[in-house]
Structure formats: C-alpha cells, structure tokens
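Enquirer: So that you have it, the file is run-v3.txt, and it contains compact mmCIF, C-alpha atoms and all ligand atoms:
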# COMPACT_ATOMS: atom_id res chain seq x y z
CA MET A 1 -53.80 24.66 -43.16
CA VAL A 2 -50.77 24.73 -45.44
CA VAL A 3 -48.73 22.13 -47.24
CA LYS A 4 -45.27 22.62 -48.71
CA GLU A 5 -44.65 21.54 -52.27
CA ASN A 6 -41.44 22.31 -54.12
CA LYS A 7 -40.61 24.81 -51.39
CA GLN A 8 -43.89 26.59 -52.16
CA ILE A 9 -46.48 26.93 -49.42
CA LYS A 10 -49.92 25.82 -50.52
CA LYS A 11 -53.20 25.59 -48.67
CA THR A 12 -55.02 22.28 -48.49
CA LEU A 13 -58.67 21.28 -48.55
CA LYS A 14 -57.87 18.04 -46.72
CA GLY A 15 -59.37 18.12 -43.27
CA LEU A 16 -62.43 20.16 -44.24
CA THR A 17 -65.71 18.49 -43.37
CA LEU A 18 -68.53 18.18 -45.90
CA GLU A 19 -70.21 21.22 -44.40
CA GLU A 20 -67.01 23.27 -44.61
CA LEU A 21 -66.50 22.23 -48.24
CA ARG A 22 -70.04 23.34 -49.06
CA GLU A 23 -69.27 26.73 -47.55
CA TYR A 24 -66.07 26.96 -49.56
CA PHE A 25 -67.66 26.14 -52.93
CA LEU A 26 -70.52 28.55 -52.31
CA TYR A 27 -67.92 31.19 -51.44
CA ILE A 28 -66.21 30.75 -54.83
CA ASP A 29 -69.60 30.77 -56.62
CA GLU A 30 -69.63 27.07 -57.42
CA PRO A 31 -72.74 24.95 -56.83
CA ALA A 32 -72.92 23.26 -53.41
CA PHE A 33 -72.92 19.77 -54.99
CA ARG A 34 -69.25 20.30 -55.87
CA ALA A 35 -68.63 19.73 -52.16
CA GLU A 36 -70.01 16.17 -52.34
CA GLN A 37 -67.96 15.49 -55.45
CA VAL A 38 -64.67 16.75 -54.04
CA PHE A 39 -65.37 15.17 -50.64
CA LYS A 40 -65.88 11.76 -52.28
CA TRP A 41 -62.74 12.08 -54.38
CA MET A 42 -60.61 13.07 -51.37
CA TYR A 43 -62.01 10.82 -48.64
CA GLY A 44 -63.76 8.08 -50.61
CA ASP A 45 -61.57 7.50 -53.64
CA LEU A 46 -58.36 8.65 -51.94
CA VAL A 47 -57.06 10.33 -55.09
CA ASP A 48 -53.60 11.88 -55.21
CA ASP A 49 -54.38 14.66 -57.65
CA PHE A 50 -57.18 17.13 -58.42
CA GLY A 51 -56.68 16.18 -62.08
CA GLU A 52 -58.27 12.79 -61.34
CA MET A 53 -61.58 14.41 -60.31
CA ASN A 54 -63.09 13.85 -63.74
CA ASN A 55 -66.65 14.94 -62.93
CA LEU A 56 -65.40 18.46 -62.20
CA PRO A 57 -65.02 21.03 -65.01
CA LYS A 58 -61.44 21.23 -66.23
CA SER A 59 -61.22 24.90 -65.24
CA LEU A 60 -62.18 24.07 -61.65
CA ARG A 61 -59.68 21.19 -61.48
CA GLN A 62 -56.97 23.55 -62.69
CA ARG A 63 -57.96 26.20 -60.17
CA LEU A 64 -57.94 23.71 -57.27
CA SER A 65 -54.56 22.28 -58.36
CA LYS A 66 -53.11 25.76 -58.53
CA GLU A 67 -54.38 26.87 -55.13
CA PHE A 68 -54.35 23.71 -53.04
CA ASN A 69 -52.37 20.63 -52.29
CA ILE A 70 -54.30 17.42 -51.81
CA ASP A 71 -52.11 15.60 -49.30
CA THR A 72 -50.99 16.91 -45.94
CA LEU A 73 -48.33 14.27 -45.24
CA SER A 74 -45.54 12.55 -47.08
CA LEU A 75 -44.15 9.11 -46.34
CA VAL A 76 -40.63 9.25 -44.93
CA THR A 77 -40.07 5.56 -44.31
CA SER A 78 -41.80 2.38 -43.22
CA LYS A 79 -40.69 -0.83 -41.60
CA ILE A 80 -42.51 -4.14 -41.32
CA SER A 81 -42.11 -6.78 -38.63
CA THR A 82 -41.31 -10.00 -40.43
CA SER A 83 -42.88 -12.11 -37.69
CA THR A 84 -46.21 -10.30 -37.18
CA LYS A 85 -46.61 -8.17 -40.32
CA THR A 86 -47.10 -5.16 -38.06
CA LYS A 87 -45.96 -2.17 -40.09
CA LYS A 88 -44.76 1.15 -38.75
CA TYR A 89 -44.89 4.28 -40.86
CA ILE A 90 -43.13 7.58 -40.35
CA PHE A 91 -44.84 10.48 -42.04
CA GLU A 92 -43.73 14.07 -42.34
CA THR A 93 -46.00 17.10 -42.00
CA ALA A 94 -45.65 20.23 -44.12
CA GLU A 95 -43.55 21.85 -41.40
CA GLY A 96 -41.19 18.88 -41.33
CA ASN A 97 -42.45 17.22 -38.14
CA LYS A 98 -42.31 13.44 -38.01
CA ILE A 99 -45.24 11.37 -36.78
CA GLU A 100 -45.83 7.65 -36.60
CA SER A 101 -48.70 5.34 -37.46
CA VAL A 102 -48.82 1.57 -37.08
CA VAL A 103 -50.86 -1.06 -38.92
CA ILE A 104 -51.51 -4.13 -36.77
CA PRO A 105 -52.98 -7.24 -38.40
CA GLU A 106 -54.95 -9.56 -36.13
CA ARG A 107 -56.97 -12.66 -36.88
CA LYS A 108 -60.22 -11.04 -37.98
CA ARG A 109 -59.24 -7.43 -38.41
CA THR A 110 -56.47 -5.06 -39.36
CA THR A 111 -56.16 -2.04 -37.11
CA LEU A 112 -54.52 1.27 -37.87
CA CYS A 113 -53.18 3.20 -34.89
CA VAL A 114 -53.10 6.94 -35.69
CA SER A 115 -51.35 9.87 -34.03
CA THR A 116 -53.19 13.07 -33.12
CA GLN A 117 -50.25 15.20 -31.96
CA VAL A 118 -46.55 15.54 -32.70
CA GLY A 119 -45.18 14.24 -29.40
CA CYS A 120 -47.38 14.49 -26.32
CA PRO A 121 -47.50 16.84 -23.33
CA LEU A 122 -48.67 14.24 -20.81
CA ASP A 123 -45.41 12.52 -19.87
CA CYS A 124 -46.77 9.10 -18.91
CA LYS A 125 -43.75 7.31 -17.48
CA PHE A 126 -44.18 4.11 -19.50
CA CYS A 127 -44.47 5.86 -22.86
CA ALA A 128 -41.79 6.82 -25.39
CA THR A 129 -43.96 9.54 -26.92
CA GLY A 130 -44.21 11.25 -23.55
CA LEU A 131 -40.42 11.39 -23.39
CA MET A 132 -40.36 13.39 -26.65
CA GLY A 133 -42.37 16.28 -25.23
CA TYR A 134 -45.06 18.10 -27.18
CA LYS A 135 -44.58 19.91 -30.49
CA LYS A 136 -47.96 20.52 -32.12
CA ASN A 137 -51.49 19.36 -32.72
CA LEU A 138 -52.21 17.56 -35.97
CA THR A 139 -54.97 18.80 -38.26
CA ALA A 140 -57.96 16.64 -39.18
CA GLY A 141 -56.38 16.32 -42.64
CA GLU A 142 -53.13 15.04 -41.16
CA ILE A 143 -55.06 12.53 -39.05
CA PHE A 144 -57.05 11.37 -42.10
CA ASP A 145 -53.98 11.16 -44.33
CA GLN A 146 -52.37 8.62 -42.00
CA PHE A 147 -55.31 6.40 -42.98
CA LYS A 148 -55.07 7.33 -46.64
CA LEU A 149 -51.35 6.72 -47.05
CA SER A 150 -51.10 3.57 -44.95
CA SER A 151 -54.22 1.95 -46.41
CA LYS A 152 -52.89 2.54 -49.93
CA ASP A 153 -49.52 1.07 -48.99
CA TYR A 154 -50.35 -1.85 -46.66
CA LYS A 155 -50.60 -5.06 -48.69
CA ASP A 156 -51.29 -7.70 -46.02
CA GLY A 157 -54.96 -6.86 -45.47
CA GLU A 158 -57.53 -4.09 -45.65
CA ILE A 159 -57.67 -1.69 -42.72
CA THR A 160 -60.91 -2.48 -40.86
CA ASN A 161 -60.45 -0.60 -37.59
CA ILE A 162 -58.81 2.61 -36.41
CA VAL A 163 -57.60 3.43 -32.93
CA TYR A 164 -56.66 6.98 -31.95
CA MET A 165 -53.90 5.62 -29.77
CA GLY A 166 -50.65 6.69 -31.44
CA MET A 167 -48.63 9.76 -30.52
CA GLY A 168 -50.51 12.31 -28.48
CA GLU A 169 -53.63 12.72 -26.39
CA PRO A 170 -56.58 13.01 -28.81
CA LEU A 171 -58.79 14.90 -26.38
CA LEU A 172 -56.17 17.64 -25.99
CA ASN A 173 -56.53 18.15 -29.75
CA PHE A 174 -60.27 18.03 -29.42
CA LYS A 175 -61.46 20.16 -32.35
CA GLU A 176 -59.35 18.44 -35.01
CA THR A 177 -59.93 14.97 -33.55
CA VAL A 178 -63.70 15.51 -33.70
CA LYS A 179 -63.48 16.92 -37.24
CA SER A 180 -61.59 13.84 -38.37
CA LEU A 181 -64.26 11.63 -36.76
CA GLU A 182 -66.95 13.64 -38.57
CA ILE A 183 -65.13 12.94 -41.83
CA PHE A 184 -65.00 9.19 -41.12
CA ALA A 185 -68.69 9.33 -40.16
CA GLU A 186 -69.78 10.41 -43.65
CA GLU A 187 -71.10 7.70 -45.95
CA LEU A 188 -69.01 9.09 -48.81
CA THR A 189 -65.82 8.31 -46.88
CA THR A 190 -64.17 5.01 -47.65
CA GLY A 191 -63.62 2.05 -45.41
CA VAL A 192 -63.93 2.47 -41.73
CA SER A 193 -67.19 3.47 -40.01
CA LEU A 194 -67.35 5.14 -36.60
CA LYS A 195 -68.43 1.82 -35.07
CA LYS A 196 -64.94 0.53 -35.84
CA ILE A 197 -63.11 3.54 -34.41
CA THR A 198 -61.84 3.82 -30.85
CA VAL A 199 -60.55 7.00 -29.27
CA SER A 200 -58.11 6.43 -26.43
CA THR A 201 -57.62 8.93 -23.64
CA ALA A 202 -55.36 9.24 -20.64
CA GLY A 203 -58.28 10.86 -18.83
CA ILE A 204 -59.28 14.44 -19.67
CA ALA A 205 -62.61 14.27 -17.84
CA PRO A 206 -64.29 17.46 -19.16
CA LYS A 207 -63.37 16.53 -22.73
CA ILE A 208 -64.81 13.02 -22.35
CA LYS A 209 -68.06 14.75 -21.41
CA GLU A 210 -67.74 17.03 -24.45
CA LEU A 211 -67.08 14.06 -26.72
CA ASP A 212 -70.21 12.45 -25.31
CA GLU A 213 -72.18 15.60 -26.15
CA THR A 214 -71.12 15.46 -29.83
CA GLY A 215 -73.30 12.35 -30.17
CA LEU A 216 -70.67 10.66 -32.36
CA ASN A 217 -70.91 7.55 -30.13
CA VAL A 218 -67.40 6.51 -30.93
CA LYS A 219 -65.88 3.77 -28.76
CA LEU A 220 -63.71 4.93 -25.91
CA ALA A 221 -60.58 3.40 -24.40
CA PHE A 222 -59.29 4.72 -21.11
CA SER A 223 -55.64 4.40 -20.08
CA LEU A 224 -56.14 3.17 -16.54
CA HIS A 225 -52.91 1.46 -15.46
CA SER A 226 -53.73 1.71 -11.74
CA CYS A 227 -56.92 1.98 -9.69
CA PHE A 228 -55.08 3.82 -6.93
CA GLU A 229 -54.91 7.60 -7.26
CA ASP A 230 -51.39 7.94 -5.81
CA ILE A 231 -49.87 5.19 -7.95
CA ARG A 232 -51.68 6.42 -11.05
CA SER A 233 -50.39 9.95 -10.42
CA SER A 234 -46.83 8.66 -10.12
CA ILE A 235 -46.93 7.03 -13.57
CA MET A 236 -49.45 9.40 -15.22
CA PRO A 237 -49.00 13.00 -14.00
CA ILE A 238 -52.29 14.06 -15.66
CA ASN A 239 -54.04 12.22 -12.82
CA GLU A 240 -53.09 15.13 -10.54
CA LYS A 241 -55.25 17.41 -12.65
CA TYR A 242 -58.14 15.08 -13.51
CA SER A 243 -58.41 12.39 -10.87
CA LEU A 244 -59.44 8.84 -11.55
CA LYS A 245 -62.58 9.44 -9.50
CA GLU A 246 -63.61 12.35 -11.72
CA ASN A 247 -62.90 10.35 -14.88
CA ILE A 248 -64.81 7.31 -13.69
CA GLU A 249 -67.95 9.40 -13.22
CA VAL A 250 -67.88 10.71 -16.81
CA LEU A 251 -66.96 7.28 -18.20
CA LYS A 252 -70.02 5.75 -16.53
CA ASP A 253 -72.21 8.41 -18.15
CA TYR A 254 -70.49 7.88 -21.50
CA ALA A 255 -71.02 4.11 -21.43
CA LYS A 256 -74.65 4.52 -20.40
CA ARG A 257 -75.59 7.12 -23.00
CA THR A 258 -73.72 5.59 -25.95
CA GLY A 259 -74.51 1.97 -25.08
CA THR A 260 -70.83 1.09 -25.57
CA ARG A 261 -68.35 -0.74 -23.38
CA ILE A 262 -65.38 1.18 -22.10
CA THR A 263 -62.04 -0.49 -22.79
CA PHE A 264 -59.63 -0.06 -19.90
CA GLU A 265 -56.00 -0.17 -20.99
CA TYR A 266 -53.60 -1.64 -18.46
CA VAL A 267 -49.84 -1.82 -19.02
CA MET A 268 -48.37 -4.45 -16.68
CA LEU A 269 -45.61 -2.96 -14.53
CA LYS A 270 -43.67 -5.15 -12.15
CA ASP A 271 -44.48 -4.50 -8.47
CA ILE A 272 -46.43 -1.36 -9.38
CA ASN A 273 -49.81 -2.55 -10.63
CA ASP A 274 -49.60 -6.36 -10.74
CA ARG A 275 -50.44 -7.17 -7.09
CA SER A 276 -53.42 -8.92 -5.46
CA GLU A 277 -54.82 -5.59 -4.29
CA ASP A 278 -54.78 -4.36 -7.89
CA ILE A 279 -56.93 -7.32 -8.95
CA LYS A 280 -59.43 -6.59 -6.20
CA ALA A 281 -59.59 -2.87 -7.03
CA LEU A 282 -59.91 -3.54 -10.77
CA ALA A 283 -62.78 -5.98 -10.28
CA LYS A 284 -64.58 -3.45 -8.11
CA LEU A 285 -64.08 -0.54 -10.50
CA MET A 286 -65.03 -2.51 -13.61
CA SER A 287 -68.25 -3.79 -12.07
CA THR A 288 -69.55 -0.20 -12.07
CA MET A 289 -69.96 0.05 -15.87
CA PRO A 290 -69.99 -2.11 -19.04
CA SER A 291 -66.31 -2.58 -19.69
CA LYS A 292 -63.46 -4.82 -20.71
CA LEU A 293 -59.81 -4.88 -19.76
CA ASN A 294 -56.97 -4.81 -22.24
CA ILE A 295 -53.81 -6.10 -20.58
CA ILE A 296 -50.63 -4.98 -22.32
CA PRO A 297 -47.09 -6.15 -21.54
CA PHE A 298 -44.82 -3.16 -20.90
CA ASN A 299 -42.49 -2.55 -23.81
CA SER A 300 -38.99 -1.49 -23.04
CA LEU A 301 -37.97 2.16 -23.54
CA LYS A 302 -34.32 1.21 -23.65
CA HIS A 303 -34.00 2.57 -27.19
CA MET A 304 -34.87 6.02 -25.77
CA ASN A 305 -32.27 5.98 -22.95
CA PRO A 306 -34.70 7.43 -20.40
CA SER A 307 -33.72 8.42 -16.87
CA GLY A 308 -35.76 8.61 -13.67
CA LEU A 309 -38.81 6.41 -13.11
CA ALA A 310 -39.22 5.79 -16.86
CA GLY A 311 -35.79 4.18 -16.93
CA GLU A 312 -36.53 1.95 -13.96
CA LEU A 313 -39.85 0.50 -15.07
CA GLU A 314 -39.94 -3.21 -15.81
CA SER A 315 -42.61 -5.41 -17.30
CA SER A 316 -44.33 -8.00 -15.13
CA SER A 317 -43.22 -11.50 -16.06
CA ARG A 318 -45.28 -13.57 -18.50
CA ASP A 319 -46.36 -15.89 -15.67
CA LYS A 320 -47.42 -12.96 -13.54
CA ILE A 321 -49.44 -11.46 -16.37
CA GLN A 322 -51.18 -14.78 -16.99
CA TRP A 323 -51.92 -15.18 -13.27
CA PHE A 324 -53.29 -11.61 -13.14
CA ALA A 325 -55.59 -12.22 -16.14
CA ASP A 326 -56.82 -15.58 -14.79
CA LYS A 327 -57.69 -14.10 -11.40
CA LEU A 328 -59.70 -11.32 -13.04
CA ARG A 329 -61.53 -13.79 -15.29
CA GLU A 330 -62.47 -15.77 -12.17
CA LYS A 331 -64.20 -12.57 -11.07
CA ASN A 332 -66.14 -12.44 -14.37
CA ILE A 333 -64.12 -9.57 -15.81
CA THR A 334 -63.68 -9.62 -19.59
CA VAL A 335 -59.94 -9.63 -20.13
CA MET A 336 -58.01 -9.44 -23.38
CA LEU A 337 -54.38 -10.32 -23.17
CA ARG A 338 -52.57 -8.46 -25.92
CA ASN A 339 -49.43 -9.99 -27.32
CA THR A 340 -46.63 -7.58 -27.94
CA GLN A 341 -46.95 -6.66 -31.61
CA GLY A 342 -44.03 -5.08 -33.41
CA ASP A 343 -41.59 -4.55 -30.53
CA ASP A 344 -38.81 -5.60 -32.91
CA ILE A 345 -39.48 -2.41 -34.92
CA ALA A 346 -40.31 -0.19 -31.90
CA ALA A 347 -43.94 -0.07 -33.05
CA ALA A 348 -45.44 -1.69 -29.99
CA CYS A 349 -47.74 0.06 -27.57
CA GLY A 350 -45.99 2.94 -25.80
CA GLN A 351 -42.92 2.82 -28.06
CA LEU A 352 -43.93 5.42 -30.64
CA ALA A 353 -41.43 8.22 -30.88
CA TYR A 354 -38.99 9.45 -33.43
CA PRO A 355 -35.45 8.98 -32.21
CA LYS A 356 -33.35 9.30 -35.37
CA THR A 357 -30.69 7.01 -33.98
CA HIS A 358 -33.13 4.16 -33.64
CA PHE A 359 -35.03 4.55 -36.89
CA PRO A 360 -32.82 6.37 -39.36
CA ARG A 361 -34.24 8.18 -42.32
CA LYS A 362 -34.07 6.05 -45.45
CA GLY A 363 -36.27 4.70 -48.23
CA ALA A 364 -39.28 2.46 -47.53
CA ASP A 365 -38.10 -0.79 -46.07
CA ASN A 366 -40.43 -3.60 -47.02
S1 LIG B 1 -49.47 7.18 -23.15
FE1 LIG B 1 -50.61 8.51 -24.53
S2 LIG B 1 -51.16 10.25 -23.24
FE2 LIG B 1 -49.50 9.20 -22.16
S3 LIG B 1 -47.61 10.24 -22.84
FE3 LIG B 1 -47.98 8.48 -24.21
S4 LIG B 1 -49.06 9.33 -25.96
FE4 LIG B 1 -49.25 10.79 -24.28
For this file, write the structure as structure tokens.

Expert:
Amino acid sequence: MVVKENKQIKKTLKGLTLEELREYFLYIDEPAFRAEQVFKWMYGDLVDDFGEMNNLPKSLRQRLSKEFNIDTLSLVTSKISTSTKTKKYIFETAEGNKIESVVIPERKRTTLCVSTQVGCPLDCKFCATGLMGYKKNLTAGEIFDQFKLSSKDYKDGEITNIVYMGMGEPLLNFKETVKSLEIFAEELTTGVSLKKITVSTAGIAPKIKELDETGLNVKLAFSLHSCFEDIRSSIMPINEKYSLKENIEVLKDYAKRTGTRITFEYVMLKDINDRSEDIKALAKLMSTMPSKLNIIPFNSLKHMNPSGLAGELESSSRDKIQWFADKLREKNITVMLRNTQGDDIAAACGQLAYPKTHFPRKGADN
C-alpha cells in the first residue's frame, strides 16, 4: 500500500488489521502492545497525524511519520442535497483515481454508502458505475478512510450504519472487503459495529459462501431486480455466470447460519420487472428464507449519456410502484419503499460514477 504526499511515495499502515499491526511492531522490535495503541489512534480516534499519538515514544512517532502516511484518500469535493441533506463525497486515491461515498440521513439513522472498487466490472444496465468500467480494487484502508473522512466532515448527524453499496462489487474485492470488516469488528474501532453494516452483492455465489465461512455475520443485501433468470441476465450480465438459482441456495444457508434476514434490492423498471407475474414470483422466492424487500425507484442515467439498453430503461411510475408494494404486502412480504435520496446531486442509488462534466472538480461545496 502506498500513498503519495508532496510527490513522494509513502507506505501506509492504514488498512492493516490488529493482527497485522502486531506482526509489524514485533518485526521492528517494538512491544506488541504498540499495535493496540496505534490501532486505536488510527481507527478509534481517527487522528490525522502520527504526532498526535502521545502515548508513543517521540522517536517512534518520528519514525512512523517518516516512513508512513496515515491517510489513504484525500477529499476532492463534496456536495449536499439541500432538500434531503444527503451528501456526496468524491475522494482521490494515491494513484489519482476518484471514488464516491454518500451519507444518507434517515429518521433514526445516518447511513454511509462506501465504495469497494474504482468503477465496477459487472455492467448492470441500470447502474452508472457499471458504465464506467473497472479500474482497480480499493484497499481496506481506502474503504475505512471513506468512513473516517466523511464522518469527520458530515455535520447533520453521526454515522450509525454503513452499507457496502457504492461503486464496485464488494465480493469481487473479497480480501480487502473482509479486512475492512475485521477492522470495524474490533472494539477499539470507533462508531459502527458489524451489526450495523450491510454488504451488498450482485450475486457472486461462491464468495457469499466464503463470506459466510468467515463467521463475521455481517448483514447481506442481494441485488435481485428480477426473479426470472432470462430477464435478470439481460439487466445483470453476471447472472449468466452465477445464476439466481445458485445464489438463492447460498443465501438460504447464509440467512440460516447467521440468523439474519436477507435484504433483496429491487430497482423498479417499467415493463421489465413491475408486472403481476413479478409479484407472484417475488412472493414465492421470498417465502423460502427470512427476508425483506427494498424497492428502489430507478434513477435516470441521463447525465451519463448511455446507449443500448441502459439508455432505454425507464422507471416504473409512482402509482405502479405503490401498487406493486401494496400487492406484496398483501402477501405478507416485508416491503420497504425507498424514496429517491440525492438524485439532484447524482448521489442516488445506481448513479455513482465520476463523469467530470457532471460533477466538476472544485472546492467543497457545502
Ligand atoms: S449495481 Fe453494483 S454490481 Fe452492478 S454495475 Fe453497479 S456497482 Fe457494479
């Protein structure tokens, strides 16, 4: 891991787990308890400088400052929705890649949506990130620093929940995603416990099984969007590789072993997944495991100028969405109807991307 500072490449300790920090301090002949101290300063106290770590000997602080950088990201710009207080951040990695995070205040909680990759290789047709293509996996430090930087900046509430639902497919960046979860799992880490973290996947069945085997018991959201294999494949090409059937089997196991409910994400697309037969199929599928349905209005990708199917997709009407939710509730399905949050700043679900023309580089815009 490297971070650029004043054109100089520096390594960073951010992203190392407690165990890895212990190994590092033993390697440099420092007592193992230095790991707990540095871990707490980095992930608990969210300090910006090794100089602030005042229970470390001065010589060690100087050595760490010389060799390492503490942050992996820098804030490029931010924009807040005046109506909803949803705030979108653009951060830059050491290599100059831009990623986005969004803070979404709701009645009882404030959720941070983090990215796990720069772009995404999965090309879901309703998603702006998919249109960008894939550039790189983020490190655990870069995932954590989205929390650090946004929680220090956001003034309209404390971040209580995190969803791994921003740019990228977390389970295709499995190692670093799991390391970041291990960091959040430590008691020394500030704020958000694993119980308040949800990992969202488009359906990488073998990796769902692997996540289950870690025993982290994090909550899982599954991007469903259609119960029919052919329709799902047409809007989510990954379904060709890992079918819905294969995913459903591992999701059932996951829900059973972890004792959690699976959240099914469902973007409402006119004439594609908003029909009577979709209601029937959804009710049948969801009765097979503890689950809830998150219905999301489709957000326009017009700002991306997409062609092909992505350019043709339209949201179901408000009335249709309400009808769809009511019918499912009649069948005893737990349905949450998400309002579009932050579409005025292109921070709504499926809109995360970095088109310079839409969101030009400038100072923080509060
Ligand atoms: S919806 Fe998620 S998995 Fe699909 S292209 Fe977008 S970021 Fe990737």

Enquirer: With a distance cut-off of 9 Å and only C-alpha atoms, select the neighbouring residues of region 54-63 of chain A, excluding the residue or stretch itself and same-chain residues fewer than 5 positions from it, and output the selection as number ranges by chain.

Expert: A: 34, 37-38, 68

Enquirer: Counting only C-alpha atoms and all ligand atoms, name the residues that have an atom within 7 Å of an atom of ligand LIG 1 (chain B); the answer should be given as a compact mmCIF listing (two decimals) with C-alpha atoms, keeping the file's coordinate frame.

Expert:
# COMPACT_ATOMS: atom_id res chain seq x y z
CA CYS A 120 -47.38 14.49 -26.32
CA PRO A 121 -47.50 16.84 -23.33
CA LEU A 122 -48.67 14.24 -20.81
CA ASP A 123 -45.41 12.52 -19.87
CA CYS A 124 -46.77 9.10 -18.91
CA CYS A 127 -44.47 5.86 -22.86
CA ALA A 128 -41.79 6.82 -25.39
CA THR A 129 -43.96 9.54 -26.92
CA GLY A 130 -44.21 11.25 -23.55
CA MET A 165 -53.90 5.62 -29.77
CA GLY A 166 -50.65 6.69 -31.44
CA MET A 167 -48.63 9.76 -30.52
CA GLY A 168 -50.51 12.31 -28.48
CA GLU A 169 -53.63 12.72 -26.39
CA THR A 201 -57.62 8.93 -23.64
CA ALA A 202 -55.36 9.24 -20.64
CA MET A 236 -49.45 9.40 -15.22
CA GLY A 350 -45.99 2.94 -25.80

Enquirer: Name the residues in contact with Glu176 (chain A) at a cut-off of 12 Å, using all atoms listed in the file, excluding same-chain residues fewer than 6 positions from it; report them as number ranges by chain.

Expert: A: 1, 14-17, 115-117, 136-144, 169-170, 182-183

Enquirer: Quick one: residues within 12 Å of Asp145 (chain A), all atoms listed in the file counted, chain neighbours fewer than 3 positions away excluded, as a tab-separated table (two decimals) with C-alpha atoms, keeping the file's coordinate frame?

Expert:
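Contents of around-v8.tsv, as written:
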chain	number	residue	atom	x	y	z
A	12	THR	CA	-55.02	22.28	-48.49
A	13	LEU	CA	-58.67	21.28	-48.55
A	14	LYS	CA	-57.87	18.04	-46.72
A	15	GLY	CA	-59.37	18.12	-43.27
A	42	MET	CA	-60.61	13.07	-51.37
A	43	TYR	CA	-62.01	10.82	-48.64
A	46	LEU	CA	-58.36	8.65	-51.94
A	47	VAL	CA	-57.06	10.33	-55.09
A	48	ASP	CA	-53.60	11.88	-55.21
A	70	ILE	CA	-54.30	17.42	-51.81
A	71	ASP	CA	-52.11	15.60	-49.30
A	72	THR	CA	-50.99	16.91	-45.94
A	73	LEU	CA	-48.33	14.27	-45.24
A	74	SER	CA	-45.54	12.55	-47.08
A	75	LEU	CA	-44.15	9.11	-46.34
A	89	TYR	CA	-44.89	4.28	-40.86
A	91	PHE	CA	-44.84	10.48	-42.04
A	92	GLU	CA	-43.73	14.07	-42.34
A	93	THR	CA	-46.00	17.10	-42.00
A	99	ILE	CA	-45.24	11.37	-36.78
A	100	GLU	CA	-45.83	7.65	-36.60
A	101	SER	CA	-48.70	5.34	-37.46
A	112	LEU	CA	-54.52	1.27	-37.87
A	114	VAL	CA	-53.10	6.94	-35.69
A	115	SER	CA	-51.35	9.87	-34.03
A	116	THR	CA	-53.19	13.07	-33.12
A	138	LEU	CA	-52.21	17.56	-35.97
A	139	THR	CA	-54.97	18.80	-38.26
A	140	ALA	CA	-57.96	16.64	-39.18
A	141	GLY	CA	-56.38	16.32	-42.64
A	142	GLU	CA	-53.13	15.04	-41.16
A	148	LYS	CA	-55.07	7.33	-46.64
A	149	LEU	CA	-51.35	6.72	-47.05
A	150	SER	CA	-51.10	3.57	-44.95
A	151	SER	CA	-54.22	1.95	-46.41
A	152	LYS	CA	-52.89	2.54	-49.93
A	153	ASP	CA	-49.52	1.07	-48.99
A	180	SER	CA	-61.59	13.84	-38.37
A	183	ILE	CA	-65.13	12.94	-41.83
A	184	PHE	CA	-65.00	9.19	-41.12

Enquirer: From the options A:Ser83, A:Asn273, A:Ser316, A:Asn161, which residue's atoms come nearest to Ile231 (chain A), counting all atoms listed in the file?

Expert: A:Asn273

Enquirer: Determine, counting only C-alpha atoms, which protein, DNA and RNA residues have an atom within 12 Å of an atom of Lys331 (chain A); residues of the same chain fewer than 4 positions away are not included. Present the result as a list in words.

Expert: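 Near Lys331 (chain A), the qualifying residues are Ile279, Lys280, Ala281, Leu282, Ala283, Lys284, Met286, Ser287, Phe324, Ala325, Asp326, Lys327 and Val335 of chain A.
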
Enquirer: Leaving out region 103-106 of chain A and any residue of its chain fewer than 2 positions from it, which residues lie within 9 Å of it when counting all atoms listed in the file, given as a list of chain:residue names?

Expert: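 Neighbouring residues, sequence-local ones excluded: A:Thr84, A:Lys85, A:Thr86, A:Lys87, A:Lys88, A:Tyr89, A:Ser101, A:Lys108, A:Arg109, A:Thr110, A:Thr111, A:Leu112, A:Cys113, A:Val114, A:Ser150, A:Ser151, A:Tyr154, A:Asp156, A:Gly157, A:Ile159, A:Gln341, A:Gly342.
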
Enquirer: I'd like to know which of A:Arg275, A:Lys219, A:Lys256, A:Lys11 is closest to Ser200 (chain A), using all atoms listed in the file.

Expert: A:Lys219

Enquirer: Report the distance between CA of Ile248 (chain A) and CA of Leu220 (chain A) in Å, rounded to one decimal place.

Expert: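 Computing the Euclidean distance for CA of Ile248 (chain A) and CA of Leu220 (chain A) yields 12.5 Å.
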
Enquirer: Can you work out the spacing between CA of Lys209 (chain A) and CA of Val250 (chain A) in Å, to one decimal?

Expert: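 These atoms are spaced 6.1 Å apart.
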
Enquirer: Grab the CA of Ile204 (chain A) to CA of Tyr242 (chain A) distance for me, in Å with one decimal place.

Expert: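 Value for the CA of Ile204 (chain A)-CA of Tyr242 (chain A) distance: 6.3 Å.
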
Enquirer: Using all atoms listed in the file, can you tell me which of A:Glu52, A:Asn97, A:Lys195, A:Leu251 comes closest to Val76 (chain A)?

Expert: A:Asn97

Enquirer: When distances are computed from all atoms listed in the file, which of A:Phe147, A:Leu211, A:Ser234, A:Leu26 shows the smallest separation from Asn173 (chain A)?

Expert: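 Nearest candidate to Asn173 (chain A) out of A:Phe147, A:Leu211, A:Ser234, A:Leu26: A:Leu211.
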
Enquirer: For each of A:Ile28, A:Leu194, A:Lys155, A:Thr258, take the minimum atom-to-atom distance to Gly215 (chain A), counting only C-alpha atoms, then give the residue where this is smallest.

Expert: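 Of the candidates, the smallest distance to Gly215 (chain A) is held by A:Thr258.
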
Enquirer: Go through A:Ala94, A:Leu328, A:Met336, A:Ala185 one by one, measure the shortest atom-to-atom distance of each to Glu265 (chain A) using only C-alpha atoms, and give the residue with the smallest value.

Expert: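 Closest residue, counting only C-alpha atoms: A:Met336.
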
Enquirer: If I only have part of region 126-134 of chain A, can you fill in N, CA and C atoms and write it as a tab-separated table (two decimals), keeping the file's coordinate frame?

Expert:
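Okay, part-v9.tsv is ready:
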chain	number	residue	atom	x	y	z
A	126	PHE	N	-44.42	5.37	-18.78
A	126	PHE	CA	-44.18	4.11	-19.50
A	126	PHE	C	-44.19	4.32	-21.01
A	127	CYS	N	-44.19	5.59	-21.45
A	127	CYS	CA	-44.47	5.86	-22.86
A	127	CYS	C	-43.35	6.66	-23.53
A	128	ALA	N	-42.87	6.15	-24.66
A	128	ALA	CA	-41.79	6.82	-25.39
A	128	ALA	C	-42.23	8.17	-25.94
A	129	THR	N	-43.48	8.26	-26.37
A	129	THR	CA	-43.96	9.54	-26.92
A	129	THR	C	-43.88	10.63	-25.87
A	130	GLY	N	-44.26	10.28	-24.63
A	130	GLY	CA	-44.21	11.25	-23.55
A	130	GLY	C	-42.81	11.80	-23.34
A	131	LEU	N	-41.81	10.95	-23.58
A	131	LEU	CA	-40.42	11.39	-23.39
A	131	LEU	C	-40.00	12.42	-24.44
A	132	MET	N	-40.70	12.44	-25.57
A	132	MET	CA	-40.36	13.39	-26.65
A	132	MET	C	-40.79	14.81	-26.34
A	133	GLY	N	-41.77	14.95	-25.44
A	133	GLY	CA	-42.37	16.28	-25.23
A	133	GLY	C	-43.40	16.57	-26.32
A	134	TYR	N	-43.99	17.75	-26.26
A	134	TYR	CA	-45.06	18.10	-27.18
A	134	TYR	C	-44.58	19.12	-28.20
